[in-house]
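Enquirer: This is target.json, which holds JSON, C-alpha atoms:
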```
[["chain", "number", "residue", "atom", "x", "y", "z"],
["A", 265, "MET", "CA", -120.40, -30.46, 43.27],
["A", 266, "THR", "CA", -121.83, -28.54, 40.33],
["A", 267, "LEU", "CA", -125.22, -27.64, 41.75],
["A", 268, "ALA", "CA", -127.78, -25.97, 39.52],
["A", 269, "GLU", "CA", -130.10, -23.22, 40.70],
["A", 270, "LEU", "CA", -133.55, -24.68, 41.25],
["A", 271, "TYR", "CA", -135.48, -21.54, 42.04],
["A", 272, "ARG", "CA", -135.27, -17.74, 42.01],
["A", 273, "ASP", "CA", -138.09, -15.59, 43.38],
["A", 274, "PRO", "CA", -139.51, -13.73, 40.35],
["A", 275, "ILE", "CA", -140.71, -10.71, 42.35],
["A", 276, "TYR", "CA", -137.69, -9.60, 44.41],
["A", 277, "ASP", "CA", -135.07, -12.32, 43.71],
["A", 278, "GLY", "CA", -134.66, -12.93, 47.44],
["A", 279, "ALA", "CA", -135.82, -16.50, 48.07],
["A", 280, "THR", "CA", -134.33, -17.62, 51.40],
["A", 281, "ASP", "CA", -135.04, -20.08, 54.26],
["A", 282, "PRO", "CA", -136.85, -22.64, 52.07],
["A", 283, "THR", "CA", -138.91, -25.45, 53.52],
["A", 284, "VAL", "CA", -140.53, -28.09, 51.30],
["A", 285, "VAL", "CA", -143.44, -30.48, 51.89],
["A", 286, "ILE", "CA", -145.20, -32.93, 49.57],
["A", 287, "ASP", "CA", -148.99, -33.25, 49.52],
["A", 288, "ASP", "CA", -150.89, -35.53, 47.11],
["A", 289, "GLY", "CA", -147.96, -35.56, 44.70],
["A", 290, "THR", "CA", -147.47, -31.79, 44.67],
["A", 291, "TRP", "CA", -144.28, -30.32, 46.10],
["A", 292, "TRP", "CA", -144.80, -27.06, 47.98],
["A", 293, "MET", "CA", -141.99, -24.66, 48.84],
["A", 294, "PHE", "CA", -142.52, -21.94, 51.45],
["A", 295, "TYR", "CA", -139.76, -19.38, 51.81],
["A", 296, "THR", "CA", -138.85, -15.92, 53.07],
["A", 297, "GLN", "CA", -139.34, -13.48, 50.20],
["A", 298, "ARG", "CA", -136.59, -10.97, 50.94],
["A", 299, "ARG", "CA", -136.93, -7.69, 49.05],
["A", 300, "ALA", "CA", -133.53, -7.98, 47.39],
["A", 301, "THR", "CA", -134.37, -6.05, 44.21],
["A", 302, "HIS", "CA", -137.01, -3.70, 45.62],
["A", 303, "PRO", "CA", -136.31, -0.24, 44.12],
["A", 304, "ASP", "CA", -136.79, 1.54, 47.46],
["A", 305, "PRO", "CA", -136.85, -0.94, 50.37],
["A", 306, "GLY", "CA", -135.75, 1.61, 52.99],
["A", 307, "PRO", "CA", -132.48, 2.27, 54.81],
["A", 308, "GLY", "CA", -130.05, -0.19, 56.38],
["A", 309, "VAL", "CA", -131.29, -3.77, 56.53],
["A", 310, "ALA", "CA", -134.94, -2.90, 55.79],
["A", 311, "TRP", "CA", -134.58, -4.95, 52.59],
["A", 312, "VAL", "CA", -134.23, -8.11, 54.71],
["A", 313, "HIS", "CA", -137.43, -7.15, 56.54],
["A", 314, "GLY", "CA", -140.87, -6.25, 55.21],
["A", 315, "SER", "CA", -140.93, -9.76, 53.77],
["A", 316, "ARG", "CA", -143.86, -12.05, 53.03],
["A", 317, "ILE", "CA", -143.80, -15.83, 52.81],
["A", 318, "GLY", "CA", -143.38, -16.80, 49.18],
["A", 319, "VAL", "CA", -144.92, -19.98, 47.77],
["A", 320, "ALA", "CA", -143.78, -22.14, 44.85],
["A", 321, "ARG", "CA", -145.08, -25.47, 43.55],
["A", 322, "SER", "CA", -143.56, -28.34, 41.63],
["A", 323, "ALA", "CA", -144.48, -31.75, 40.23],
["A", 324, "ASP", "CA", -141.03, -33.23, 40.81],
["A", 325, "GLY", "CA", -139.10, -31.04, 43.26],
["A", 326, "VAL", "CA", -136.84, -29.74, 40.49],
["A", 327, "ALA", "CA", -138.87, -27.45, 38.22],
["A", 328, "TRP", "CA", -140.68, -24.85, 40.33],
["A", 329, "ASP", "CA", -143.43, -22.33, 39.52],
["A", 330, "TYR", "CA", -144.10, -19.23, 41.60],
["A", 331, "ALA", "CA", -147.49, -19.46, 43.33],
["A", 332, "GLY", "CA", -147.71, -16.09, 45.10],
["A", 333, "THR", "CA", -147.41, -15.15, 48.77],
["A", 334, "LEU", "CA", -149.23, -15.75, 52.04],
["A", 335, "GLU", "CA", -151.00, -12.43, 52.63],
["A", 336, "PRO", "CA", -152.31, -11.33, 56.06],
["A", 337, "GLN", "CA", -156.09, -11.02, 56.34],
["A", 338, "PRO", "CA", -158.13, -8.75, 58.66],
["A", 339, "ASP", "CA", -158.89, -11.68, 60.98],
["A", 340, "GLY", "CA", -155.19, -12.47, 61.41],
["A", 341, "SER", "CA", -155.13, -15.46, 59.08],
["A", 342, "LEU", "CA", -152.84, -15.87, 56.08],
["A", 343, "ARG", "CA", -154.20, -16.65, 52.62],
["A", 344, "ARG", "CA", -152.30, -17.50, 49.48],
["A", 345, "ASP", "CA", -152.55, -14.75, 46.87],
["A", 346, "ALA", "CA", -151.25, -15.77, 43.45],
["A", 347, "ALA", "CA", -150.71, -12.11, 42.56],
["A", 348, "GLY", "CA", -147.91, -11.82, 45.10],
["A", 349, "PRO", "CA", -147.14, -9.31, 47.84],
["A", 350, "ALA", "CA", -149.44, -6.42, 48.66],
["A", 351, "SER", "CA", -148.31, -2.94, 47.67],
["A", 352, "VAL", "CA", -148.34, -1.85, 51.34],
["A", 353, "VAL", "CA", -146.34, -4.00, 53.74],
["A", 354, "ASP", "CA", -146.40, -3.19, 57.47],
["A", 355, "GLY", "CA", -144.82, -6.27, 59.03],
["A", 356, "THR", "CA", -142.14, -8.91, 58.59],
["A", 357, "HIS", "CA", -142.52, -12.66, 58.14],
["A", 358, "TRP", "CA", -139.47, -14.94, 58.24],
["A", 359, "ALA", "CA", -138.42, -18.58, 58.08],
["A", 360, "PRO", "CA", -141.58, -20.74, 57.92],
["A", 361, "GLU", "CA", -141.42, -24.27, 59.34],
["A", 362, "VAL", "CA", -144.25, -26.44, 57.96],
["A", 363, "ILE", "CA", -145.08, -29.88, 59.38],
["A", 364, "SER", "CA", -147.89, -32.42, 59.20],
["A", 365, "ASP", "CA", -149.41, -33.31, 62.56],
["A", 366, "GLY", "CA", -151.23, -36.33, 61.12],
["A", 367, "VAL", "CA", -154.49, -34.44, 60.70],
["A", 368, "GLY", "CA", -153.54, -31.17, 59.03],
["A", 369, "TRP", "CA", -150.62, -28.81, 58.62],
["A", 370, "ARG", "CA", -148.95, -26.51, 61.11],
["A", 371, "MET", "CA", -146.66, -23.60, 60.36],
["A", 372, "TYR", "CA", -144.30, -22.03, 62.87],
["A", 373, "LEU", "CA", -143.54, -18.56, 61.55],
["A", 374, "THR", "CA", -141.19, -15.84, 62.79],
["A", 375, "GLU", "CA", -143.04, -12.52, 63.02],
["A", 376, "ILE", "CA", -141.58, -9.04, 63.58],
["A", 377, "GLU", "CA", -143.67, -5.91, 63.93],
["A", 378, "GLY", "CA", -142.92, -3.27, 61.33],
["A", 379, "ILE", "CA", -139.95, -3.10, 58.94],
["A", 380, "PRO", "CA", -136.78, -2.66, 61.03],
["A", 381, "ASP", "CA", -133.82, -0.94, 59.40],
["A", 382, "ARG", "CA", -131.35, -2.40, 61.93],
["A", 383, "TRP", "CA", -130.87, -5.74, 63.69],
["A", 384, "PRO", "CA", -131.11, -4.85, 67.42],
["A", 385, "GLY", "CA", -134.06, -3.44, 69.32],
["A", 386, "TYR", "CA", -136.96, -5.28, 67.73],
["A", 387, "ALA", "CA", -138.90, -8.15, 69.28],
["A", 388, "ARG", "CA", -139.22, -11.37, 67.29],
["A", 389, "HIS", "CA", -141.77, -14.10, 68.04],
["A", 390, "ILE", "CA", -142.55, -17.56, 66.71],
["A", 391, "VAL", "CA", -146.26, -17.82, 65.87],
["A", 392, "GLU", "CA", -148.24, -20.98, 65.12],
["A", 393, "TYR", "CA", -150.70, -21.22, 62.21],
["A", 394, "ARG", "CA", -152.80, -24.21, 61.09],
["A", 395, "SER", "CA", -154.12, -25.23, 57.69],
["A", 396, "ALA", "CA", -156.09, -28.03, 56.05],
["A", 397, "ASP", "CA", -154.92, -27.33, 52.50],
["A", 398, "LEU", "CA", -151.59, -25.39, 52.61],
["A", 399, "ARG", "CA", -153.42, -22.40, 51.07],
["A", 400, "GLU", "CA", -155.22, -20.72, 53.97],
["A", 401, "TRP", "CA", -153.63, -20.54, 57.41],
["A", 402, "HIS", "CA", -155.44, -19.74, 60.66],
["A", 403, "ARG", "CA", -153.47, -17.99, 63.39],
["A", 404, "GLU", "CA", -153.25, -19.78, 66.75],
["A", 405, "GLY", "CA", -150.91, -17.36, 68.50],
["A", 406, "ALA", "CA", -147.34, -16.74, 69.59],
["A", 407, "LEU", "CA", -145.48, -19.41, 71.55],
["A", 408, "GLU", "CA", -144.11, -18.58, 74.99],
["A", 409, "LEU", "CA", -140.40, -19.30, 74.65],
["A", 410, "ASP", "CA", -137.26, -18.21, 76.49],
["A", 411, "SER", "CA", -137.16, -14.61, 75.22],
["A", 412, "ASP", "CA", -138.78, -12.16, 72.81],
["A", 413, "ARG", "CA", -135.85, -12.44, 70.37],
["A", 414, "VAL", "CA", -136.61, -15.87, 68.94],
["A", 415, "ILE", "CA", -136.56, -16.89, 65.26],
["A", 416, "ASP", "CA", -136.15, -19.91, 62.94],
["A", 417, "ALA", "CA", -138.34, -22.69, 64.34],
["A", 418, "ALA", "CA", -137.77, -26.38, 63.60],
["A", 419, "VAL", "CA", -140.23, -29.01, 64.89],
["A", 420, "ALA", "CA", -140.04, -32.82, 65.03],
["A", 421, "LYS", "CA", -141.22, -35.75, 67.16],
["A", 422, "VAL", "CA", -138.12, -37.57, 68.40],
["A", 423, "ALA", "CA", -137.27, -40.94, 69.96],
["A", 424, "ASP", "CA", -139.07, -40.43, 73.28],
["A", 425, "GLY", "CA", -142.38, -39.74, 71.51],
["A", 426, "ARG", "CA", -142.40, -36.05, 72.42],
["A", 427, "TRP", "CA", -142.40, -33.11, 70.07],
["A", 428, "ARG", "CA", -139.50, -30.70, 70.23],
["A", 429, "LEU", "CA", -139.17, -27.19, 68.86],
["A", 430, "TRP", "CA", -135.67, -25.86, 68.28],
["A", 431, "TYR", "CA", -135.07, -22.17, 67.61],
["A", 432, "LYS", "CA", -132.43, -19.46, 67.56],
["A", 433, "ASP", "CA", -132.50, -17.27, 70.67],
["A", 434, "GLU", "CA", -130.77, -13.98, 69.87],
["A", 435, "ALA", "CA", -131.00, -12.98, 73.53],
["A", 436, "ALA", "CA", -128.78, -15.96, 74.42],
["A", 437, "ASP", "CA", -125.88, -15.16, 72.06],
["A", 438, "SER", "CA", -127.68, -16.73, 69.09],
["A", 439, "VAL", "CA", -127.53, -20.39, 70.12],
["A", 440, "THR", "CA", -130.19, -23.06, 69.60],
["A", 441, "LYS", "CA", -132.71, -23.40, 72.42],
["A", 442, "VAL", "CA", -135.37, -26.10, 72.62],
["A", 443, "ALA", "CA", -138.92, -26.48, 73.95],
["A", 444, "VAL", "CA", -140.77, -29.76, 74.43],
["A", 445, "SER", "CA", -144.45, -30.77, 74.12],
["A", 446, "ASP", "CA", -146.48, -33.95, 74.48],
["A", 447, "ASP", "CA", -149.27, -32.79, 72.18],
["A", 448, "LEU", "CA", -148.19, -29.68, 70.18],
["A", 449, "GLU", "CA", -150.53, -27.67, 72.41],
["A", 450, "GLN", "CA", -148.47, -26.86, 75.51],
["A", 451, "TRP", "CA", -144.75, -26.14, 75.33],
["A", 452, "ARG", "CA", -142.17, -25.92, 78.11],
["A", 453, "SER", "CA", -138.59, -24.77, 77.92],
["A", 454, "ASP", "CA", -135.99, -27.53, 77.83],
["A", 455, "GLY", "CA", -132.83, -25.43, 77.87],
["A", 456, "THR", "CA", -130.07, -25.11, 75.29],
["A", 457, "ALA", "CA", -129.68, -27.77, 72.61],
["A", 458, "ILE", "CA", -126.60, -26.42, 70.78],
["A", 459, "ALA", "CA", -124.29, -23.90, 72.46],
["A", 460, "GLY", "CA", -120.94, -22.44, 71.38],
["A", 461, "ARG", "CA", -120.41, -20.52, 68.15],
["A", 462, "ALA", "CA", -123.35, -18.32, 67.13],
["A", 463, "HIS", "CA", -125.61, -19.82, 64.47],
["A", 464, "GLU", "CA", -129.18, -19.90, 63.20],
["A", 465, "GLY", "CA", -131.68, -21.86, 61.12],
["A", 466, "PRO", "CA", -131.75, -25.28, 62.85],
["A", 467, "PHE", "CA", -133.40, -28.19, 61.06],
["A", 468, "VAL", "CA", -133.81, -31.67, 62.59],
["A", 469, "PHE", "CA", -134.51, -35.02, 60.92],
["A", 470, "GLU", "CA", -133.89, -38.77, 61.30],
["A", 471, "LEU", "CA", -131.71, -40.77, 58.92],
["A", 472, "SER", "CA", -129.96, -44.15, 59.19],
["A", 473, "GLY", "CA", -130.48, -44.62, 62.91],
["A", 474, "TRP", "CA", -129.37, -41.12, 63.90],
["A", 475, "TRP", "CA", -131.09, -37.83, 64.54],
["A", 476, "TRP", "CA", -129.36, -34.95, 62.76],
["A", 477, "MET", "CA", -129.44, -31.19, 63.23],
["A", 478, "ILE", "CA", -128.08, -28.85, 60.55],
["A", 479, "VAL", "CA", -127.46, -25.21, 61.51],
["A", 480, "ASP", "CA", -126.26, -22.20, 59.54],
["A", 481, "GLU", "CA", -122.94, -20.72, 60.75],
["A", 482, "TRP", "CA", -122.70, -18.16, 57.89],
["A", 483, "ARG", "CA", -119.60, -19.96, 56.59],
["A", 484, "GLY", "CA", -121.28, -23.27, 55.81],
["A", 485, "MET", "CA", -123.57, -25.58, 57.74],
["A", 486, "ALA", "CA", -122.58, -27.29, 60.98],
["A", 487, "VAL", "CA", -123.89, -30.82, 61.55],
["A", 488, "HIS", "CA", -124.82, -32.28, 64.94],
["A", 489, "ARG", "CA", -126.02, -35.83, 65.57],
["A", 490, "SER", "CA", -127.92, -37.61, 68.31],
["A", 491, "ARG", "CA", -129.18, -41.10, 69.11],
["A", 492, "ASP", "CA", -132.37, -39.76, 70.70],
["A", 493, "GLY", "CA", -132.92, -36.23, 69.34],
["A", 494, "VAL", "CA", -132.21, -34.81, 72.80],
["A", 495, "ALA", "CA", -128.44, -34.93, 73.47],
["A", 496, "TRP", "CA", -126.26, -33.73, 70.59],
["A", 497, "GLU", "CA", -122.64, -34.04, 69.48],
["A", 498, "ARG", "CA", -120.96, -32.14, 66.68],
["A", 499, "GLN", "CA", -119.88, -33.97, 63.54],
["A", 500, "GLY", "CA", -116.15, -33.37, 63.09],
["A", 501, "GLY", "CA", -114.18, -30.62, 64.77],
["A", 502, "ALA", "CA", -115.24, -27.15, 65.84],
["A", 503, "ASP", "CA", -114.65, -25.76, 62.35],
["A", 504, "THR", "CA", -116.12, -28.64, 60.33],
["A", 505, "VAL", "CA", -119.00, -27.66, 58.02],
["A", 506, "ILE", "CA", -120.83, -28.93, 54.98],
["A", 507, "LEU", "CA", -121.86, -26.73, 52.02],
["A", 508, "GLY", "CA", -118.99, -24.37, 52.78],
["A", 509, "ALA", "CA", -116.82, -22.29, 50.46],
["A", 510, "GLY", "CA", -116.28, -24.03, 47.13],
["A", 511, "GLU", "CA", -119.10, -26.54, 47.71],
["A", 512, "VAL", "CA", -121.89, -24.32, 46.40],
["A", 513, "PRO", "CA", -122.15, -22.11, 43.31],
["A", 514, "GLY", "CA", -120.66, -18.63, 43.51],
["A", 515, "PRO", "CA", -118.39, -17.14, 46.17],
["A", 516, "GLY", "CA", -120.75, -17.75, 49.09],
["A", 517, "PHE", "CA", -121.89, -20.62, 51.30],
["A", 518, "GLY", "CA", -124.95, -22.75, 51.92],
["A", 519, "HIS", "CA", -127.49, -21.09, 54.23],
["A", 520, "HIS", "CA", -130.63, -22.02, 56.24],
["A", 521, "GLY", "CA", -132.49, -24.94, 54.71],
["A", 522, "ALA", "CA", -134.76, -27.91, 55.37],
["A", 523, "ALA", "CA", -135.07, -31.51, 54.22],
["A", 524, "VAL", "CA", -137.97, -33.42, 52.67],
["A", 525, "ARG", "CA", -138.26, -37.17, 52.22],
["A", 526, "HIS", "CA", -139.32, -38.53, 48.84],
["A", 527, "GLY", "CA", -139.31, -42.32, 48.70],
["A", 528, "ASP", "CA", -135.88, -43.46, 49.81],
["A", 529, "ASP", "CA", -134.32, -40.05, 49.14],
["A", 530, "LEU", "CA", -133.88, -37.20, 51.60],
["A", 531, "TRP", "CA", -133.40, -33.89, 49.80],
["A", 532, "PHE", "CA", -132.03, -30.85, 51.60],
["A", 533, "TYR", "CA", -133.15, -27.51, 50.14],
["A", 534, "PHE", "CA", -131.10, -24.44, 51.08],
["A", 535, "PHE", "CA", -130.27, -21.00, 49.76],
["A", 536, "GLY", "CA", -127.10, -19.27, 48.72],
["A", 537, "HIS", "CA", -125.89, -15.93, 47.40],
["A", 538, "PRO", "CA", -124.63, -16.68, 43.88],
["A", 539, "ALA", "CA", -123.03, -13.26, 43.37],
["A", 540, "ALA", "CA", -121.49, -12.51, 46.79],
["A", 541, "ALA", "CA", -120.77, -14.02, 50.19],
["A", 542, "TYR", "CA", -123.26, -11.97, 52.19],
["A", 543, "VAL", "CA", -122.36, -11.32, 55.84],
["A", 544, "PRO", "CA", -125.43, -10.73, 58.08],
["A", 545, "ASP", "CA", -123.85, -8.01, 60.23],
["A", 546, "VAL", "CA", -122.80, -5.95, 57.21],
["A", 547, "ASP", "CA", -125.34, -4.35, 54.88],
["A", 548, "ALA", "CA", -125.18, -5.65, 51.30],
["A", 549, "GLU", "CA", -123.93, -2.75, 49.21],
["A", 550, "THR", "CA", -125.42, -3.67, 45.84],
["A", 551, "VAL", "CA", -128.53, -5.41, 44.57],
["A", 552, "ASP", "CA", -126.39, -8.27, 43.27],
["A", 553, "ASP", "CA", -125.04, -8.79, 46.80],
["A", 554, "ARG", "CA", -128.60, -9.34, 47.98],
["A", 555, "ARG", "CA", -129.85, -11.76, 45.34],
["A", 556, "CYS", "CA", -130.47, -15.36, 46.44],
["A", 557, "ALA", "CA", -131.08, -18.74, 44.83],
["A", 558, "VAL", "CA", -132.42, -22.06, 46.11],
["A", 559, "TYR", "CA", -130.48, -25.30, 45.61],
["A", 560, "ARG", "CA", -130.78, -28.86, 46.86],
["A", 561, "VAL", "CA", -128.50, -31.78, 47.72],
["A", 562, "LEU", "CA", -129.12, -35.39, 48.61],
["A", 563, "LEU", "CA", -128.31, -36.33, 52.21],
["A", 564, "ARG", "CA", -126.78, -39.72, 52.99],
["A", 565, "VAL", "CA", -125.05, -41.32, 55.96],
["A", 566, "VAL", "CA", -121.70, -43.02, 55.30],
["A", 567, "GLY", "CA", -120.00, -44.59, 58.29],
["A", 568, "ASP", "CA", -122.13, -42.58, 60.75],
["A", 569, "VAL", "CA", -121.17, -39.35, 58.95],
["A", 570, "LEU", "CA", -123.72, -37.17, 57.16],
["A", 571, "VAL", "CA", -122.59, -36.37, 53.62],
["A", 572, "THR", "CA", -124.11, -34.55, 50.65],
["A", 573, "SER", "CA", -124.22, -35.40, 46.97],
["A", 574, "GLU", "CA", -125.98, -34.22, 43.83],
["A", 575, "ARG", "CA", -127.70, -37.56, 43.41]]
```
As structure tokens, what does this structure read like?

Expert:
Amino acid sequence: MTLAELYRDPIYDGATDPTVVIDDGTWWMFYTQRRATHPDPGPGVAWVHGSRIGVARSADGVAWDYAGTLEPQPDGSLRRDAAGPASVVDGTHWAPEVISDGVGWRMYLTEIEGIPDRWPGYARHIVEYRSADLREWHREGALELDSDRVIDAAVAKVADGRWRLWYKDEAADSVTKVAVSDDLEQWRSDGTAIAGRAHEGPFVFELSGWWWMIVDEWRGMAVHRSRDGVAWERQGGADTVILGAGEVPGPGFGHHGAAVRHGDDLWFYFFGHPAAAYVPDVDAETVDDRRCAVYRVLLRVVGDVLVTSER
């Protein structure tokens, strides 16, 4: 595939973990605004932290305009500021998951206190926010999940009529855990959804009679499928991935994304490193190593196999 870049963050060129929703004909992208080109982000992996949630808007899902960031307010809420990130940043926001609950919007956001310069030793929580307009978000509070090292929420209502929240649990060797709820108000742990090789960034959706989960293995995206959204099997062998080396622009791979349905099409938005194949456990040595771009592919099912295409 010859994918074109759809979006680059104009502030720090670090748009990652995109999720896209459509409201009244407007496409909204929420993403982690990594500080890839910040002139002095701090030591170690501080550049990956200290991030806000970036916002972009589009009329067609292809041409995107930067619309600022979600800035914390004194009352704990988040409000879109078209000017972008505040000059003083004292916390970290990662990987927004945005869903409609039929009445309004809910966001499940990874929050980390401070700006860590290393991976271990810092608690991570998934926090729920609610909004009526996608512009101002009111904080409901952190979810009680299996540990205090949880990131990358994905939420969907599956075949049994219950909501499920999948997430990466770094305290459990970075596998995907799951919690279940009847009403999006009370959650209970439901064990491990995807074990085995470490991964992150789950996203779950229904297509052609199957439930699908795509996860980021830092060498491409693993695909798991399910008839009910509860019990999962891997597509292909243990090393089978989509959006791996050679399938995306540059020397890297496809990373952490989310799908949005538009008519009969299901578009999967994801990010990549166009200049280098960034490895999470190794600090990026140059600014070009850190830069990111957002792409999209069309998802289809052919013979009970999930495949990607440009159109």

Enquirer: Mind listing whatever residues come within 10 Å of the point (-146.2, -41.6, 74.5)? Use only C-alpha atoms, file coordinates, and give them as a list in words.

Expert: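 Those within range, by chain then number, are Asp424, Gly425, Arg426, Asp446 and Asp447 of chain A.
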
Enquirer: Give me, as a list in words, all polymer residues having an atom no more than 8 Å from segment 296-313 of chain A, counting all atoms listed in the file and skipping those fewer than 6 positions away in the same chain.

Expert: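 Neighbouring residues, sequence-local ones excluded: Asp273, Tyr276, Asp277, Gly278, Ala279, Thr280, Asp281, Pro282, Gly355, Thr356, His357, Trp358, Ala359, Pro360, Ile379, Pro380, Asp381, Arg382, Trp383, Asp547, Val551, Arg554 and Arg555 of chain A.
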
Enquirer: For each of A:Arg489, A:Arg564, A:Arg344, A:Lys432, take the minimum atom-to-atom distance to Trp531 of chain A, counting all atoms listed in the file, then give the residue where this is smallest.

Expert: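 Smallest separation from Trp531 of chain A among the options: A:Arg564.
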
Enquirer: Compare A:Asp412, A:Glu400, A:Asp503, A:Asp492 by their minimum atom-to-atom distance to Glu335 of chain A, counting only C-alpha atoms, and give me the closest one.

Expert: A:Glu400

Enquirer: What lies within 9 Å of Ile478 of chain A using only C-alpha atoms, ignoring chain neighbours under 2 positions off, as number ranges by chain?

Expert: A: 465-469, 476, 480, 485-489, 520-522

Enquirer: Could you check which of A:Ser341, A:Ser364, A:Ser351, A:Ser322 is closest to Tyr393 of chain A, using all atoms listed in the file?

Expert: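 Closest residue, counting all atoms listed in the file: A:Ser341.
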
Enquirer: Under the rule that only C-alpha atoms are counted, which of A:Arg394, A:Arg452, A:Arg403, A:Arg388 is the nearest residue to Pro338 of chain A?

Expert: A:Arg403

Enquirer: Within 10 Å of Ala435 of chain A, counting all atoms listed in the file, which residues qualify if same-chain residues fewer than 6 places away don't, as a ChimeraX atom specification?

Expert: /A:410-414

Enquirer: I need the chosen residues saved as a PDB file, in the frame of the given file, with C-alpha atoms.

Expert:
```pdb
ATOM      1  CA  ASP A 410    -137.260 -18.210  76.490  1.00  0.00           C
ATOM      2  CA  SER A 411    -137.160 -14.610  75.220  1.00  0.00           C
ATOM      3  CA  ASP A 412    -138.780 -12.160  72.810  1.00  0.00           C
ATOM      4  CA  ARG A 413    -135.850 -12.440  70.370  1.00  0.00           C
ATOM      5  CA  VAL A 414    -136.610 -15.870  68.940  1.00  0.00           C
TER       6      VAL A 414
END
```
